[in-house]
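Here is input_5.csv, consisting of CSV, N, CA and C atoms:
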chain,number,residue,atom,x,y,z
M,27,MET,N,0.8,-1.2,0.0
M,27,MET,CA,0.0,0.0,0.0
M,27,MET,C,0.9,1.2,0.0
M,28,LYS,N,0.5,2.2,-0.8
M,28,LYS,CA,1.2,3.5,-0.8
M,28,LYS,C,0.3,4.5,-0.1
M,29,ILE,N,1.0,5.4,0.6
M,29,ILE,CA,0.3,6.5,1.4
M,29,ILE,C,1.0,7.8,1.0
M,30,GLN,N,0.2,8.8,1.0
M,30,GLN,CA,0.8,10.1,0.7
M,30,GLN,C,0.2,11.1,1.7
M,31,LEU,N,1.0,11.9,2.3
M,31,LEU,CA,0.5,13.0,3.1
M,31,LEU,C,0.2,14.2,2.1
M,32,LYS,N,-1.0,14.5,2.0
M,32,LYS,CA,-1.5,15.5,1.1
M,32,LYS,C,-1.3,16.9,1.6
M,33,GLY,N,-1.3,17.1,2.9
M,33,GLY,CA,-1.2,18.4,3.5
M,33,GLY,C,-1.7,18.5,4.9
M,34,TRP,N,-1.6,19.6,5.5
M,34,TRP,CA,-2.0,19.8,6.9
M,34,TRP,C,-2.5,21.3,7.1
M,35,LYS,N,-3.3,21.5,8.1
M,35,LYS,CA,-3.8,22.8,8.4
M,35,LYS,C,-3.9,22.9,9.9
M,36,ILE,N,-3.8,24.2,10.4
M,36,ILE,CA,-4.1,24.5,11.7
M,36,ILE,C,-5.6,24.8,11.8
M,37,LYS,N,-6.3,24.1,12.6
M,37,LYS,CA,-7.7,24.3,12.8
M,37,LYS,C,-8.0,25.3,13.9
M,38,ASN,N,-7.2,25.2,15.0
M,38,ASN,CA,-7.3,26.1,16.1
M,38,ASN,C,-6.0,26.3,16.8
M,39,LEU,N,-5.7,27.6,17.2
M,39,LEU,CA,-4.5,27.9,17.9
M,39,LEU,C,-4.7,28.9,19.0
M,40,SER,N,-4.3,28.6,20.2
M,40,SER,CA,-4.4,29.6,21.3
M,40,SER,C,-3.0,29.6,21.9
M,41,PHE,N,-2.4,30.8,21.9
M,41,PHE,CA,-1.1,31.0,22.6
M,41,PHE,C,-1.2,32.2,23.5
M,42,LYS,N,-1.1,31.9,24.8
M,42,LYS,CA,-1.3,33.0,25.8
M,42,LYS,C,-0.1,33.0,26.8
M,43,MET,N,0.5,34.2,26.9
M,43,MET,CA,1.5,34.3,27.9
M,43,MET,C,0.9,34.4,29.3
M,44,ASN,N,1.4,33.7,30.3
M,44,ASN,CA,0.9,33.8,31.6
M,44,ASN,C,1.0,35.2,32.2
M,45,ASP,N,0.0,35.6,32.9
M,45,ASP,CA,0.1,36.9,33.6
M,45,ASP,C,1.2,37.0,34.6
M,46,LYS,N,1.3,35.9,35.3
M,46,LYS,CA,2.3,35.9,36.4
M,46,LYS,C,3.4,34.8,36.0
M,47,VAL,N,4.5,35.2,35.6
M,47,VAL,CA,5.6,34.3,35.2
M,47,VAL,C,6.4,33.8,36.4
M,48,THR,N,6.5,32.5,36.6
M,48,THR,CA,7.3,32.0,37.6
M,48,THR,C,8.4,31.1,37.0
M,49,ARG,N,9.6,31.5,37.2
M,49,ARG,CA,10.7,30.8,36.6
M,49,ARG,C,11.3,29.7,37.6
M,50,ILE,N,10.6,29.6,38.7
M,50,ILE,CA,11.1,28.6,39.7
M,50,ILE,C,11.0,27.2,39.1
M,51,SER,N,9.9,26.9,38.5
M,51,SER,CA,9.8,25.6,37.9
M,51,SER,C,9.7,25.7,36.4
M,52,LYS,N,10.6,24.9,35.8
M,52,LYS,CA,10.6,24.9,34.3
M,52,LYS,C,9.9,23.6,33.8
M,53,LYS,N,9.2,22.9,34.7
M,53,LYS,CA,8.5,21.7,34.3
M,53,LYS,C,7.3,22.1,33.4
M,54,ASN,N,7.2,21.5,32.3
M,54,ASN,CA,6.1,21.7,31.4
M,54,ASN,C,5.1,20.5,31.5
M,55,SER,N,3.9,20.8,31.2
M,55,SER,CA,2.9,19.7,31.0
M,55,SER,C,2.5,19.6,29.5
M,56,PHE,N,2.3,18.4,29.1
M,56,PHE,CA,2.0,18.2,27.7
M,56,PHE,C,0.9,17.1,27.6
M,57,ASN,N,-0.2,17.4,27.0
M,57,ASN,CA,-1.3,16.5,26.7
M,57,ASN,C,-1.5,16.4,25.3
M,58,LEU,N,-1.8,15.1,24.8
M,58,LEU,CA,-2.0,14.9,23.4
M,58,LEU,C,-3.3,14.0,23.2
M,59,SER,N,-4.1,14.4,22.3
M,59,SER,CA,-5.3,13.7,21.9
M,59,SER,C,-5.2,13.5,20.4
M,60,ILE,N,-5.6,12.3,20.0
M,60,ILE,CA,-5.6,12.0,18.5
M,60,ILE,C,-6.9,11.4,18.1
M,61,GLY,N,-7.3,11.9,16.9
M,61,GLY,CA,-8.6,11.4,16.3
M,61,GLY,C,-8.4,11.2,14.8
M,62,HIS,N,-9.4,10.6,14.2
M,62,HIS,CA,-9.3,10.4,12.7
M,62,HIS,C,-10.7,10.6,12.1
M,63,SER,N,-10.7,10.9,10.8
M,63,SER,CA,-12.0,11.1,10.1
M,63,SER,C,-11.8,10.5,8.7
M,64,PHE,N,-13.0,10.1,8.2
M,64,PHE,CA,-13.1,9.5,6.8
M,64,PHE,C,-14.1,10.2,6.1
M,65,PRO,N,-13.7,11.1,5.1
M,65,PRO,CA,-14.7,11.9,4.4
M,65,PRO,C,-15.7,10.9,3.6
M,66,GLU,N,-17.0,11.2,3.7
M,66,GLU,CA,-18.0,10.4,3.0
M,66,GLU,C,-17.8,10.5,1.5
M,67,ASP,N,-17.3,11.6,1.0
M,67,ASP,CA,-17.3,11.8,-0.5
M,67,ASP,C,-15.9,11.3,-1.1
M,68,SER,N,-15.1,10.5,-0.3
M,68,SER,CA,-13.9,10.0,-0.9
M,68,SER,C,-13.7,8.6,-0.4
M,69,ILE,N,-13.2,7.7,-1.3
M,69,ILE,CA,-13.0,6.3,-1.0
M,69,ILE,C,-11.5,6.0,-0.6
M,70,ASN,N,-10.6,7.0,-0.8
M,70,ASN,CA,-9.2,6.7,-0.5
M,70,ASN,C,-8.5,7.8,0.2
M,71,GLU,N,-9.3,8.6,1.0
M,71,GLU,CA,-8.7,9.7,1.8
M,71,GLU,C,-9.2,9.6,3.2
M,72,PHE,N,-8.3,10.0,4.1
M,72,PHE,CA,-8.7,10.1,5.5
M,72,PHE,C,-7.9,11.2,6.2
M,73,GLY,N,-8.3,11.6,7.4
M,73,GLY,CA,-7.6,12.6,8.1
M,73,GLY,C,-7.2,12.1,9.5
M,74,ILE,N,-6.2,12.7,10.0
M,74,ILE,CA,-5.7,12.5,11.4
M,74,ILE,C,-5.7,13.9,12.1
M,75,GLY,N,-6.2,14.0,13.3
M,75,GLY,CA,-6.2,15.2,14.0
M,75,GLY,C,-5.5,15.1,15.3
M,76,PHE,N,-4.8,16.1,15.7
M,76,PHE,CA,-4.1,16.2,17.0
M,76,PHE,C,-4.6,17.4,17.7
M,77,ILE,N,-4.8,17.2,19.0
M,77,ILE,CA,-5.1,18.3,19.9
M,77,ILE,C,-4.0,18.3,20.9
M,78,ILE,N,-3.2,19.4,21.0
M,78,ILE,CA,-2.1,19.5,21.9
M,78,ILE,C,-2.4,20.6,22.9
M,79,ASN,N,-2.1,20.3,24.2
M,79,ASN,CA,-2.2,21.3,25.3
M,79,ASN,C,-0.9,21.3,26.0
M,80,ILE,N,-0.3,22.5,26.0
M,80,ILE,CA,1.0,22.7,26.7
M,80,ILE,C,0.9,23.7,27.7
M,81,LYS,N,1.3,23.4,29.0
M,81,LYS,CA,1.4,24.4,30.0
M,81,LYS,C,2.9,24.6,30.4
M,82,ASP,N,3.4,25.8,30.3
M,82,ASP,CA,4.7,26.2,30.5
M,82,ASP,C,4.7,27.2,31.7
M,83,ALA,N,5.9,27.4,32.3
M,83,ALA,CA,6.0,28.4,33.3
M,83,ALA,C,5.6,29.8,32.8
M,84,GLU,N,5.9,30.0,31.5
M,84,GLU,CA,5.7,31.3,30.9
M,84,GLU,C,4.4,31.5,30.0
M,85,PHE,N,3.9,30.4,29.5
M,85,PHE,CA,2.8,30.5,28.5
M,85,PHE,C,2.0,29.2,28.5
M,86,ARG,N,0.9,29.3,27.8
M,86,ARG,CA,0.0,28.1,27.5
M,86,ARG,C,-0.3,28.1,26.0
M,87,VAL,N,-0.3,26.9,25.5
M,87,VAL,CA,-0.6,26.7,24.1
M,87,VAL,C,-1.7,25.6,23.9
M,88,THR,N,-2.7,25.9,23.1
M,88,THR,CA,-3.6,24.8,22.7
M,88,THR,C,-3.6,24.9,21.2
M,89,LEU,N,-3.4,23.7,20.6
M,89,LEU,CA,-3.2,23.6,19.2
M,89,LEU,C,-4.0,22.4,18.6
M,90,GLU,N,-4.8,22.7,17.6
M,90,GLU,CA,-5.5,21.6,16.9
M,90,GLU,C,-5.0,21.6,15.4
M,91,MET,N,-4.4,20.5,15.0
M,91,MET,CA,-3.8,20.3,13.7
M,91,MET,C,-4.5,19.2,13.0
M,92,LEU,N,-4.8,19.4,11.7
M,92,LEU,CA,-5.4,18.3,10.9
M,92,LEU,C,-4.4,17.9,9.8
M,93,PHE,N,-4.3,16.6,9.5
M,93,PHE,CA,-3.4,16.1,8.5
M,93,PHE,C,-4.3,15.3,7.5
M,94,PHE,N,-4.0,15.4,6.2
M,94,PHE,CA,-4.8,14.8,5.2
M,94,PHE,C,-4.0,13.8,4.4
M,95,PHE,N,-4.5,12.6,4.4
M,95,PHE,CA,-3.7,11.5,3.7
M,95,PHE,C,-4.5,10.9,2.6
M,96,GLN,N,-3.8,10.3,1.6
M,96,GLN,CA,-4.4,9.6,0.5
M,96,GLN,C,-3.7,8.3,0.4
M,97,VAL,N,-4.5,7.2,0.1
M,97,VAL,CA,-3.9,5.9,-0.1
M,97,VAL,C,-4.3,5.4,-1.5
M,98,ASP,N,-3.6,4.3,-1.9
M,98,ASP,CA,-3.8,3.8,-3.2
M,98,ASP,C,-4.8,2.6,-3.3
M,99,GLN,N,-5.7,2.6,-2.3
M,99,GLN,CA,-6.7,1.5,-2.2
M,99,GLN,C,-8.0,2.1,-1.6
M,100,VAL,N,-9.0,1.4,-1.8
M,100,VAL,CA,-10.3,1.8,-1.2
M,100,VAL,C,-10.2,1.6,0.3
M,101,ILE,N,-10.6,2.6,1.1
M,101,ILE,CA,-10.6,2.5,2.5
M,101,ILE,C,-11.9,1.8,2.9
M,102,ASP,N,-11.7,0.6,3.5
M,102,ASP,CA,-12.8,-0.2,4.0
M,102,ASP,C,-12.8,-0.3,5.5
M,103,GLU,N,-13.7,-1.1,6.1
M,103,GLU,CA,-13.8,-1.2,7.6
M,103,GLU,C,-12.5,-1.8,8.1
M,104,GLN,N,-12.0,-2.8,7.4
M,104,GLN,CA,-10.7,-3.4,7.9
M,104,GLN,C,-9.6,-2.4,8.0
M,105,PHE,N,-9.5,-1.6,7.0
M,105,PHE,CA,-8.5,-0.5,7.0
M,105,PHE,C,-8.7,0.5,8.1
M,106,LYS,N,-10.0,0.8,8.4
M,106,LYS,CA,-10.3,1.8,9.4
M,106,LYS,C,-9.9,1.2,10.8
M,107,GLN,N,-9.9,-0.1,11.0
M,107,GLN,CA,-9.6,-0.7,12.3
M,107,GLN,C,-8.1,-1.1,12.3
M,108,SER,N,-7.4,-0.9,11.3
M,108,SER,CA,-6.0,-1.3,11.2
M,108,SER,C,-5.1,-0.4,12.1
M,109,ASP,N,-3.9,-1.0,12.4
M,109,ASP,CA,-2.9,-0.2,13.1
M,109,ASP,C,-2.4,1.0,12.3
M,110,PHE,N,-2.6,0.9,11.0
M,110,PHE,CA,-2.2,2.0,10.1
M,110,PHE,C,-2.8,3.3,10.5
M,111,ILE,N,-4.0,3.3,10.8
M,111,ILE,CA,-4.8,4.6,11.2
M,111,ILE,C,-4.3,5.1,12.6
M,112,ASN,N,-4.0,4.2,13.5
M,112,ASN,CA,-3.7,4.6,14.9
M,112,ASN,C,-2.2,4.6,15.2
M,113,VAL,N,-1.4,4.1,14.3
M,113,VAL,CA,0.0,4.0,14.6
M,113,VAL,C,0.8,4.7,13.4
M,114,ASN,N,0.7,4.2,12.2
M,114,ASN,CA,1.6,4.7,11.1
M,114,ASN,C,1.3,6.1,10.7
M,115,ALA,N,0.0,6.4,10.5
M,115,ALA,CA,-0.3,7.8,10.1
M,115,ALA,C,0.0,8.8,11.1
M,116,PRO,N,-0.3,8.6,12.4
M,116,PRO,CA,0.1,9.6,13.4
M,116,PRO,C,1.7,9.7,13.5
M,117,ALA,N,2.4,8.6,13.3
M,117,ALA,CA,3.8,8.7,13.3
M,117,ALA,C,4.4,9.5,12.2
M,118,ILE,N,3.7,9.4,11.0
M,118,ILE,CA,4.1,10.2,9.9
M,118,ILE,C,3.9,11.7,10.2
M,119,ALA,N,2.8,12.0,10.8
M,119,ALA,CA,2.3,13.4,11.0
M,119,ALA,C,3.0,14.1,12.1
M,120,PHE,N,3.3,13.4,13.2
M,120,PHE,CA,3.7,14.0,14.5
M,120,PHE,C,5.0,14.8,14.3
M,121,PRO,N,6.0,14.5,13.5
M,121,PRO,CA,7.2,15.3,13.4
M,121,PRO,C,6.8,16.8,12.9
M,122,TYR,N,5.7,16.9,12.1
M,122,TYR,CA,5.3,18.2,11.7
M,122,TYR,C,4.7,19.0,12.9
M,123,VAL,N,4.0,18.3,13.8
M,123,VAL,CA,3.5,18.9,15.0
M,123,VAL,C,4.6,19.4,15.9
M,124,ARG,N,5.6,18.5,16.1
M,124,ARG,CA,6.8,18.9,16.9
M,124,ARG,C,7.5,20.1,16.4
M,125,SER,N,7.7,20.1,15.1
M,125,SER,CA,8.4,21.2,14.4
M,125,SER,C,7.6,22.5,14.5
M,126,TYR,N,6.3,22.4,14.3
M,126,TYR,CA,5.5,23.6,14.4
M,126,TYR,C,5.5,24.2,15.8
M,127,ILE,N,5.4,23.4,16.8
M,127,ILE,CA,5.4,23.9,18.2
M,127,ILE,C,6.8,24.5,18.5
M,128,SER,N,7.8,23.9,18.1
M,128,SER,CA,9.2,24.4,18.4
M,128,SER,C,9.4,25.8,17.7
M,129,ASN,N,9.0,25.9,16.5
M,129,ASN,CA,9.1,27.1,15.8
M,129,ASN,C,8.2,28.2,16.3
M,130,LEU,N,6.9,27.8,16.7
M,130,LEU,CA,6.0,28.8,17.2
M,130,LEU,C,6.5,29.4,18.5
M,131,THR,N,7.0,28.6,19.4
M,131,THR,CA,7.5,29.1,20.7
M,131,THR,C,8.7,30.0,20.5
M,132,LEU,N,9.6,29.5,19.6
M,132,LEU,CA,10.9,30.3,19.3
M,132,LEU,C,10.5,31.6,18.7
M,133,GLN,N,9.7,31.6,17.7
M,133,GLN,CA,9.3,32.8,17.0
M,133,GLN,C,8.5,33.8,17.8
M,134,SER,N,7.9,33.3,18.9
M,134,SER,CA,7.1,34.1,19.8
M,134,SER,C,8.0,34.7,20.9
M,135,GLY,N,9.3,34.5,20.9
M,135,GLY,CA,10.2,35.1,21.8
M,135,GLY,C,10.5,34.3,23.1
M,136,PHE,N,10.2,33.0,23.1
M,136,PHE,CA,10.4,32.1,24.2
M,136,PHE,C,11.4,31.0,23.8
M,137,ASP,N,11.9,30.4,24.8
M,137,ASP,CA,12.8,29.2,24.6
M,137,ASP,C,11.9,28.2,23.8
M,138,PRO,N,12.4,27.5,22.8
M,138,PRO,CA,11.6,26.6,22.0
M,138,PRO,C,11.2,25.4,22.8
M,139,ILE,N,10.0,25.0,22.7
M,139,ILE,CA,9.5,23.8,23.3
M,139,ILE,C,9.7,22.6,22.3
M,140,ILE,N,10.4,21.6,22.7
M,140,ILE,CA,10.6,20.4,21.9
M,140,ILE,C,9.8,19.3,22.5
M,141,LEU,N,8.7,19.0,21.8
M,141,LEU,CA,7.8,17.9,22.3
M,141,LEU,C,8.6,16.6,22.4
M,142,PRO,N,8.2,15.8,23.3
M,142,PRO,CA,8.9,14.4,23.4
M,142,PRO,C,8.4,13.6,22.3
M,143,SER,N,9.2,12.6,22.0
M,143,SER,CA,8.8,11.5,21.0
M,143,SER,C,7.6,10.8,21.6
M,144,VAL,N,6.7,10.3,20.7
M,144,VAL,CA,5.6,9.5,21.2
M,144,VAL,C,5.7,8.1,20.6
M,145,ASN,N,5.5,7.1,21.4
M,145,ASN,CA,5.5,5.7,20.9
M,145,ASN,C,4.0,5.4,20.6
M,146,PHE,N,3.7,5.5,19.3
M,146,PHE,CA,2.3,5.3,18.9
M,146,PHE,C,1.9,3.9,19.0
M,147,VAL,N,2.8,2.9,18.9
M,147,VAL,CA,2.5,1.5,19.1
M,147,VAL,C,2.0,1.3,20.5
M,148,LYS,N,2.8,1.8,21.5
M,148,LYS,CA,2.4,1.7,22.9
M,148,LYS,C,1.1,2.4,23.2
M,149,LEU,N,0.9,3.6,22.7
M,149,LEU,CA,-0.3,4.4,22.9
M,149,LEU,C,-1.5,3.6,22.3
M,150,ASN,N,-1.4,3.0,21.2
M,150,ASN,CA,-2.4,2.2,20.6
M,150,ASN,C,-2.8,1.0,21.4
M,151,GLU,N,-1.8,0.3,21.9
M,151,GLU,CA,-2.0,-0.8,22.8
M,151,GLU,C,-2.7,-0.4,24.1
M,152,SER,N,-2.4,0.7,24.6
M,152,SER,CA,-3.1,1.2,25.8
M,152,SER,C,-4.6,1.5,25.5
M,153,LYS,N,-4.8,2.1,24.3
M,153,LYS,CA,-6.2,2.3,24.0
M,153,LYS,C,-7.0,1.1,23.8
M,154,ARG,N,-6.4,0.0,23.3
M,154,ARG,CA,-7.1,-1.2,23.1
M,154,ARG,C,-7.4,-1.9,24.4
M,155,GLU,N,-6.6,-1.7,25.4
M,155,GLU,CA,-6.8,-2.3,26.7
M,155,GLU,C,-7.9,-1.7,27.5
M,156,GLU,N,-8.2,-0.4,27.1
M,156,GLU,CA,-9.3,0.3,27.9
M,156,GLU,C,-10.7,-0.1,27.5
Here is the file; what I need is its structure written in the form of structure tokens.
Amino acid sequence: MKIQLKGWKIKNLSFKMNDKVTRISKKNSFNLSIGHSFPEDSINEFGIGFIINIKDAEFRVTLEMLFFFQVDQVIDEQFKQSDFINVNAPAIAFPYVRSYISNLTLQSGFDPIILPSVNFVKLNESKREE
């Protein structure tokens, strides 16, 4: 099977500097949610969405990014339930999320935030167990 990342867009972005900056703790919090969609008018395209929430000592970021993929086969129920949707496609898209966040924070005048790597295999296994 061939897959192609067709593009991505920012659906929602909120970047807010904290009113009271505390440099005592540089510990950041990072939350990630992932979803997917299958357009009804296409038989070989799907989307992956990320919602990222970051709390830093100096600012807060909420970001929703959408990624659009195309495959060379018809997307059926078996494909929708496959690891490809929950593991491979997010792994392809996530480096773009990491780069965007890093550049956003740097270009906003702060130290760049470098998001941690995510083990999508382990994340998928955790979801299945729930």
Problem set entry | Nearby residues, (-6.3, 19.7, 12.4) file frame, 5 Å, all atoms listed in the file, as number ranges by chain | M: 35, 37, 75, 90-93
Problem set entry | Selected residue, from M:Leu58, M:Val113, M:Leu132, M:Ile36, that lies nearest to Asn150 of chain M when counting all atoms listed in the file | M:Val113
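Closest approach to Phe56 of chain M among M:Lys81, M:Arg124, M:Lys153, M:Lys42: M:Lys81, based on only N, CA and C atoms.
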For this session: Using DSSP on the backbone, list every residue of chain M that comes out as helix (DSSP H, G or I), and give them as an MDAnalysis selection string.
Result: chainID M and resid 103:106 109:133 146:155
Problem set entry | Spatial neighbours of Phe105 of chain M, 12 Å, only C-alpha atoms, chain gap at least 3 places, as an MDAnalysis selection string | chainID M and resid 27 64 69:72 97 99:102 108:112
Exercise. Which value, in Å to one decimal, gives the distance between atom C of Phe120 of chain M and atom C of Gln96 of chain M?
Worked result: 17.6 Å
